[in-house]
$ cat model.pdb   # PDB, C-alpha atoms and all ligand atoms
ATOM      1  CA  MET O1348     -23.816 -22.865 -41.099  1.00  0.00           C
ATOM      2  CA  THR O1349     -25.584 -22.494 -37.797  1.00  0.00           C
ATOM      3  CA  PHE O1350     -25.970 -19.201 -36.077  1.00  0.00           C
ATOM      4  CA  PHE O1351     -23.563 -20.319 -33.391  1.00  0.00           C
ATOM      5  CA  ASN O1352     -20.862 -21.074 -35.946  1.00  0.00           C
ATOM      6  CA  LYS O1353     -21.343 -17.714 -37.602  1.00  0.00           C
ATOM      7  CA  PHE O1354     -21.145 -16.022 -34.256  1.00  0.00           C
ATOM      8  CA  PHE O1355     -18.063 -17.937 -33.267  1.00  0.00           C
ATOM      9  CA  LYS O1356     -16.330 -17.183 -36.538  1.00  0.00           C
ATOM     10  CA  ARG O1357     -17.049 -13.504 -36.201  1.00  0.00           C
ATOM     11  CA  LYS O1358     -15.608 -13.566 -32.699  1.00  0.00           C
ATOM     12  CA  ILE O1359     -12.361 -15.084 -33.909  1.00  0.00           C
ATOM     13  CA  LYS O1360     -12.232 -12.583 -36.717  1.00  0.00           C
ATOM     14  CA  ASN O1361     -12.632  -9.769 -34.227  1.00  0.00           C
ATOM     15  CA  ASN O1362     -10.126 -11.230 -31.842  1.00  0.00           C
ATOM     16  CA  PRO O1363      -6.891  -9.844 -33.347  1.00  0.00           C
ATOM     17  CA  GLU O1364      -8.349  -6.389 -32.982  1.00  0.00           C
ATOM     18  CA  SER O1365      -9.189  -6.904 -29.311  1.00  0.00           C
ATOM     19  CA  MET O1366      -5.831  -8.537 -28.682  1.00  0.00           C
ATOM     20  CA  LYS O1367      -4.144  -5.272 -29.607  1.00  0.00           C
ATOM     21  CA  MET O1368      -5.988  -3.635 -26.757  1.00  0.00           C
ATOM     22  CA  ALA O1369      -5.147  -6.346 -24.258  1.00  0.00           C
ATOM     23  CA  PHE O1370      -1.863  -7.040 -22.509  1.00  0.00           C
ATOM     24  CA  SER O1371       0.670  -9.267 -24.149  1.00  0.00           C
ATOM     25  CA  PRO O1372       1.202 -12.527 -22.247  1.00  0.00           C
ATOM     26  CA  VAL O1373       4.498 -11.227 -20.889  1.00  0.00           C
ATOM     27  CA  GLN O1374       2.906  -8.011 -19.683  1.00  0.00           C
ATOM     28  CA  ALA O1375       0.034  -9.948 -18.176  1.00  0.00           C
ATOM     29  CA  GLU O1376       2.452 -12.185 -16.331  1.00  0.00           C
ATOM     30  CA  LYS O1377       4.436  -9.225 -15.029  1.00  0.00           C
ATOM     31  CA  MET O1378       1.194  -7.590 -13.930  1.00  0.00           C
ATOM     32  CA  LEU O1379       0.075 -10.735 -12.158  1.00  0.00           C
ATOM     33  CA  HIS O1380       3.431 -11.038 -10.464  1.00  0.00           C
ATOM     34  CA  MET O1381       3.205  -7.448  -9.275  1.00  0.00           C
ATOM     35  CA  ILE O1382      -0.277  -8.018  -7.922  1.00  0.00           C
ATOM     36  CA  GLN O1383       0.797 -11.184  -6.123  1.00  0.00           C
ATOM     37  CA  LEU O1384       3.880  -9.458  -4.784  1.00  0.00           C
ATOM     38  CA  SER O1385       1.954  -6.451  -3.581  1.00  0.00           C
ATOM     39  CA  GLN O1386      -0.628  -8.653  -1.894  1.00  0.00           C
ATOM     40  CA  GLU O1387       2.102 -10.490  -0.026  1.00  0.00           C
ATOM     41  CA  VAL O1388       4.302  -7.577   0.882  1.00  0.00           C
ATOM     42  CA  GLU O1389       2.369  -4.348   1.049  1.00  0.00           C
ATOM     43  CA  LEU O1390      -0.161  -3.010   3.464  1.00  0.00           C
ATOM     44  CA  SER O1391      -3.027  -0.876   2.303  1.00  0.00           C
ATOM     45  CA  CYS O1392      -3.283   2.737   3.425  1.00  0.00           C
ATOM     46  CA  ASP O1393      -6.102   1.722   5.782  1.00  0.00           C
ATOM     47  CA  GLU O1394      -3.976  -0.961   7.388  1.00  0.00           C
ATOM     48  CA  VAL O1395      -1.065   1.427   7.802  1.00  0.00           C
ATOM     49  CA  HIS O1396      -3.455   3.973   9.243  1.00  0.00           C
ATOM     50  CA  ASP O1397      -4.451   1.466  11.926  1.00  0.00           C
ATOM     51  CA  LEU O1398      -0.792   0.927  12.803  1.00  0.00           C
ATOM     52  CA  LEU O1399       0.179   4.576  12.692  1.00  0.00           C
ATOM     53  CA  ASP O1400      -0.350   5.311  16.416  1.00  0.00           C
ATOM     54  CA  GLN O1401       1.731   2.328  17.413  1.00  0.00           C
ATOM     55  CA  TYR O1402       4.308   3.081  14.752  1.00  0.00           C
ATOM     56  CA  ALA O1403       4.740   6.732  15.749  1.00  0.00           C
ATOM     57  CA  GLU O1404       5.081   5.809  19.433  1.00  0.00           C
ATOM     58  CA  MET O1405       7.767   3.278  18.572  1.00  0.00           C
ATOM     59  CA  VAL O1406       9.657   5.862  16.533  1.00  0.00           C
ATOM     60  CA  ILE O1407       9.491   8.336  19.416  1.00  0.00           C
ATOM     61  CA  ARG O1408      10.733   5.665  21.834  1.00  0.00           C
ATOM     62  CA  GLY O1409      13.669   5.171  19.436  1.00  0.00           C
ATOM     63  CA  GLU O1410      12.741   1.600  18.561  1.00  0.00           C
ATOM     64  CA  ASN O1411      13.805   0.041  15.276  1.00  0.00           C
ATOM     65  CA  VAL O1412      10.547   0.257  13.356  1.00  0.00           C
ATOM     66  CA  ALA O1413      12.181  -0.969  10.154  1.00  0.00           C
ATOM     67  CA  ASN O1414      12.684  -4.298  11.925  1.00  0.00           C
ATOM     68  CA  LEU O1415       9.597  -4.325  14.113  1.00  0.00           C
ATOM     69  CA  LEU O1416       7.024  -3.083  11.609  1.00  0.00           C
ATOM     70  CA  PRO O1417       8.770  -3.586   8.251  1.00  0.00           C
ATOM     71  CA  LEU O1418       5.553  -3.535   6.218  1.00  0.00           C
ATOM     72  CA  ALA O1419       4.371  -0.270   7.715  1.00  0.00           C
ATOM     73  CA  HIS O1420       7.878   1.143   7.368  1.00  0.00           C
ATOM     74  CA  TYR O1421       8.003   0.126   3.716  1.00  0.00           C
ATOM     75  CA  HIS O1422       4.577   1.594   3.033  1.00  0.00           C
ATOM     76  CA  LEU O1423       5.524   4.901   4.627  1.00  0.00           C
ATOM     77  CA  GLU O1424       8.629   5.029   2.442  1.00  0.00           C
ATOM     78  CA  MET O1425       6.493   4.567  -0.653  1.00  0.00           C
ATOM     79  CA  CYS O1426       3.311   6.480   0.163  1.00  0.00           C
ATOM     80  CA  PRO O1427       3.487  10.281   0.597  1.00  0.00           C
ATOM     81  CA  ASP O1428      -0.072  10.438   1.941  1.00  0.00           C
ATOM     82  CA  CYS O1429       0.591   8.071   4.800  1.00  0.00           C
ATOM     83  CA  ARG O1430       3.977   9.633   5.483  1.00  0.00           C
ATOM     84  CA  GLU O1431       2.359  13.031   5.840  1.00  0.00           C
ATOM     85  CA  GLU O1432      -0.166  11.525   8.228  1.00  0.00           C
ATOM     86  CA  PHE O1433       2.623   9.855  10.183  1.00  0.00           C
ATOM     87  CA  GLU O1434       4.631  13.062  10.445  1.00  0.00           C
ATOM     88  CA  ALA O1435       1.613  14.985  11.694  1.00  0.00           C
ATOM     89  CA  LEU O1436       0.854  12.271  14.219  1.00  0.00           C
ATOM     90  CA  SER O1437       4.394  12.054  15.534  1.00  0.00           C
ATOM     91  CA  LEU O1438       4.475  15.830  16.010  1.00  0.00           C
ATOM     92  CA  ILE O1439       1.292  15.591  18.055  1.00  0.00           C
ATOM     93  CA  LEU O1440       2.659  12.704  20.101  1.00  0.00           C
ATOM     94  CA  GLN O1441       5.937  14.509  20.723  1.00  0.00           C
ATOM     95  CA  ALA O1442       4.069  17.618  21.815  1.00  0.00           C
ATOM     96  CA  GLN O1443       1.938  15.507  24.134  1.00  0.00           C
ATOM     97  CA  GLN O1444       5.011  13.894  25.636  1.00  0.00           C
ATOM     98  CA  LYS O1445       6.523  17.303  26.319  1.00  0.00           C
ATOM     99  CA  ILE O1446       3.322  18.362  28.049  1.00  0.00           C
ATOM    100  CA  ASP O1447       3.324  15.155  30.097  1.00  0.00           C
ATOM    101  CA  PHE O1448       6.964  15.660  30.992  1.00  0.00           C
ATOM    102  CA  THR O1449       6.403  19.285  32.030  1.00  0.00           C
ATOM    103  CA  ALA O1450       3.372  18.234  34.058  1.00  0.00           C
ATOM    104  CA  LYS O1451       5.456  15.621  35.900  1.00  0.00           C
ATOM    105  CA  MET O1452       8.242  18.103  36.601  1.00  0.00           C
ATOM    106  CA  THR O1453       5.977  20.799  37.894  1.00  0.00           C
ATOM    107  CA  GLY O1454       3.186  18.627  39.279  1.00  0.00           C
TER     108      GLY O1454
HETATM  109 ZN    ZN Z1501      -0.558   4.896   2.183  1.00  0.00          ZN
END

$ encode --input "model.pdb" --output "C-alpha cells" --more "lines below"
Ligand SMILES: [Zn+2]
Amino acid sequence: MTFFNKFFKRKIKNNPESMKMAFSPVQAEKMLHMIQLSQEVELSCDEVHDLLDQYAEMVIRGENVANLLPLAHYHLEMCPDCREEFEALSLILQAQQKIDFTAKMTG
C-alpha cells in the first residue's frame, strides 16, 4: 500500500467524524439559499448608512419610502442599529427644518 493510499483511507475513516460537525446537505442548502437571498434583497449597514440622509429627508417630506427605497426601508425594519441612527438623523433634520422655517419667517 502506498503512502497516498494509506493517507486516503485514513481520511475516509475520519470523515464520518467530521461530517457530524458539518452541516447536513439540507441545512447547507438552506444556508446557501439564505445567503443568496440576502445578497439579492438586503443592503449592508454601510449601504443603508449612505442612503440614510436621503431616506430621512424623504420621510420628513412625507414620501412613501417603503415604495421608493424598499431595501433601505426593509433594512431599517430589521436592524436596530441603523434604525437608531435613522431616528437620530431625522430628529436633527426636523430640528434643522424648524430653524430654517423660523429664519424664513423672521428673516
Ligand atoms: Zn443596519

$ residues_near_ligand --input "model.pdb" --ligand "ligand ZN 1501 (chain Z)" --cutoff "12 Å" --atoms "all atoms listed in the file" --output "MDAnalysis selection string"
chainID O and resid 1389:1399 1418:1433

$ write_last_selection --input "model.pdb" --atoms "C-alpha atoms" --output "short mmCIF file (atom, residue, chain, number, x, y, z; two decimals), in the frame of the given file"
data_model
loop_
_atom_site.label_atom_id
_atom_site.label_comp_id
_atom_site.auth_asym_id
_atom_site.auth_seq_id
_atom_site.Cartn_x
_atom_site.Cartn_y
_atom_site.Cartn_z
CA GLU O 1389 2.37 -4.35 1.05
CA LEU O 1390 -0.16 -3.01 3.46
CA SER O 1391 -3.03 -0.88 2.30
CA CYS O 1392 -3.28 2.74 3.42
CA ASP O 1393 -6.10 1.72 5.78
CA GLU O 1394 -3.98 -0.96 7.39
CA VAL O 1395 -1.06 1.43 7.80
CA HIS O 1396 -3.46 3.97 9.24
CA ASP O 1397 -4.45 1.47 11.93
CA LEU O 1398 -0.79 0.93 12.80
CA LEU O 1399 0.18 4.58 12.69
CA LEU O 1418 5.55 -3.54 6.22
CA ALA O 1419 4.37 -0.27 7.72
CA HIS O 1420 7.88 1.14 7.37
CA TYR O 1421 8.00 0.13 3.72
CA HIS O 1422 4.58 1.59 3.03
CA LEU O 1423 5.52 4.90 4.63
CA GLU O 1424 8.63 5.03 2.44
CA MET O 1425 6.49 4.57 -0.65
CA CYS O 1426 3.31 6.48 0.16
CA PRO O 1427 3.49 10.28 0.60
CA ASP O 1428 -0.07 10.44 1.94
CA CYS O 1429 0.59 8.07 4.80
CA ARG O 1430 3.98 9.63 5.48
CA GLU O 1431 2.36 13.03 5.84
CA GLU O 1432 -0.17 11.52 8.23
CA PHE O 1433 2.62 9.86 10.18
#

$ atom_distance --input "model.pdb" --atom1 "CA of Ser1437 (chain O)" --atom2 "CA of Val1406 (chain O)"
8.2 Å

$ closest_residue --input "model.pdb" --among "O:Thr1453, O:Ser1371, O:Ala1403, O:His1380" --to "Gln1441 (chain O)" --atoms "all atoms listed in the file"
O:Ala1403

$ axis_aligned_box --input "model.pdb" --around "region 1407-1423 of chain O" --padding-each-side "4 Å" --output "JSON"
{"center_x": 9.1, "center_y": 2.0, "center_z": 12.4, "size_x": 17.4, "size_y": 20.7, "size_z": 26.8}

$ resolve_selection --input "model.pdb" --expression "the PyMOL selection byres (((chain O and resi 1407) around 12) and not hetatm)" --output "list in words"
Asp1400, Gln1401, Tyr1402, Ala1403, Glu1404, Met1405, Val1406, Arg1408, Gly1409, Glu1410, Asn1411, Val1412, Phe1433, Glu1434, Leu1436, Ser1437, Leu1438, Ile1439, Leu1440, Gln1441, Ala1442, Gln1443, Gln1444 and Lys1445 of chain O
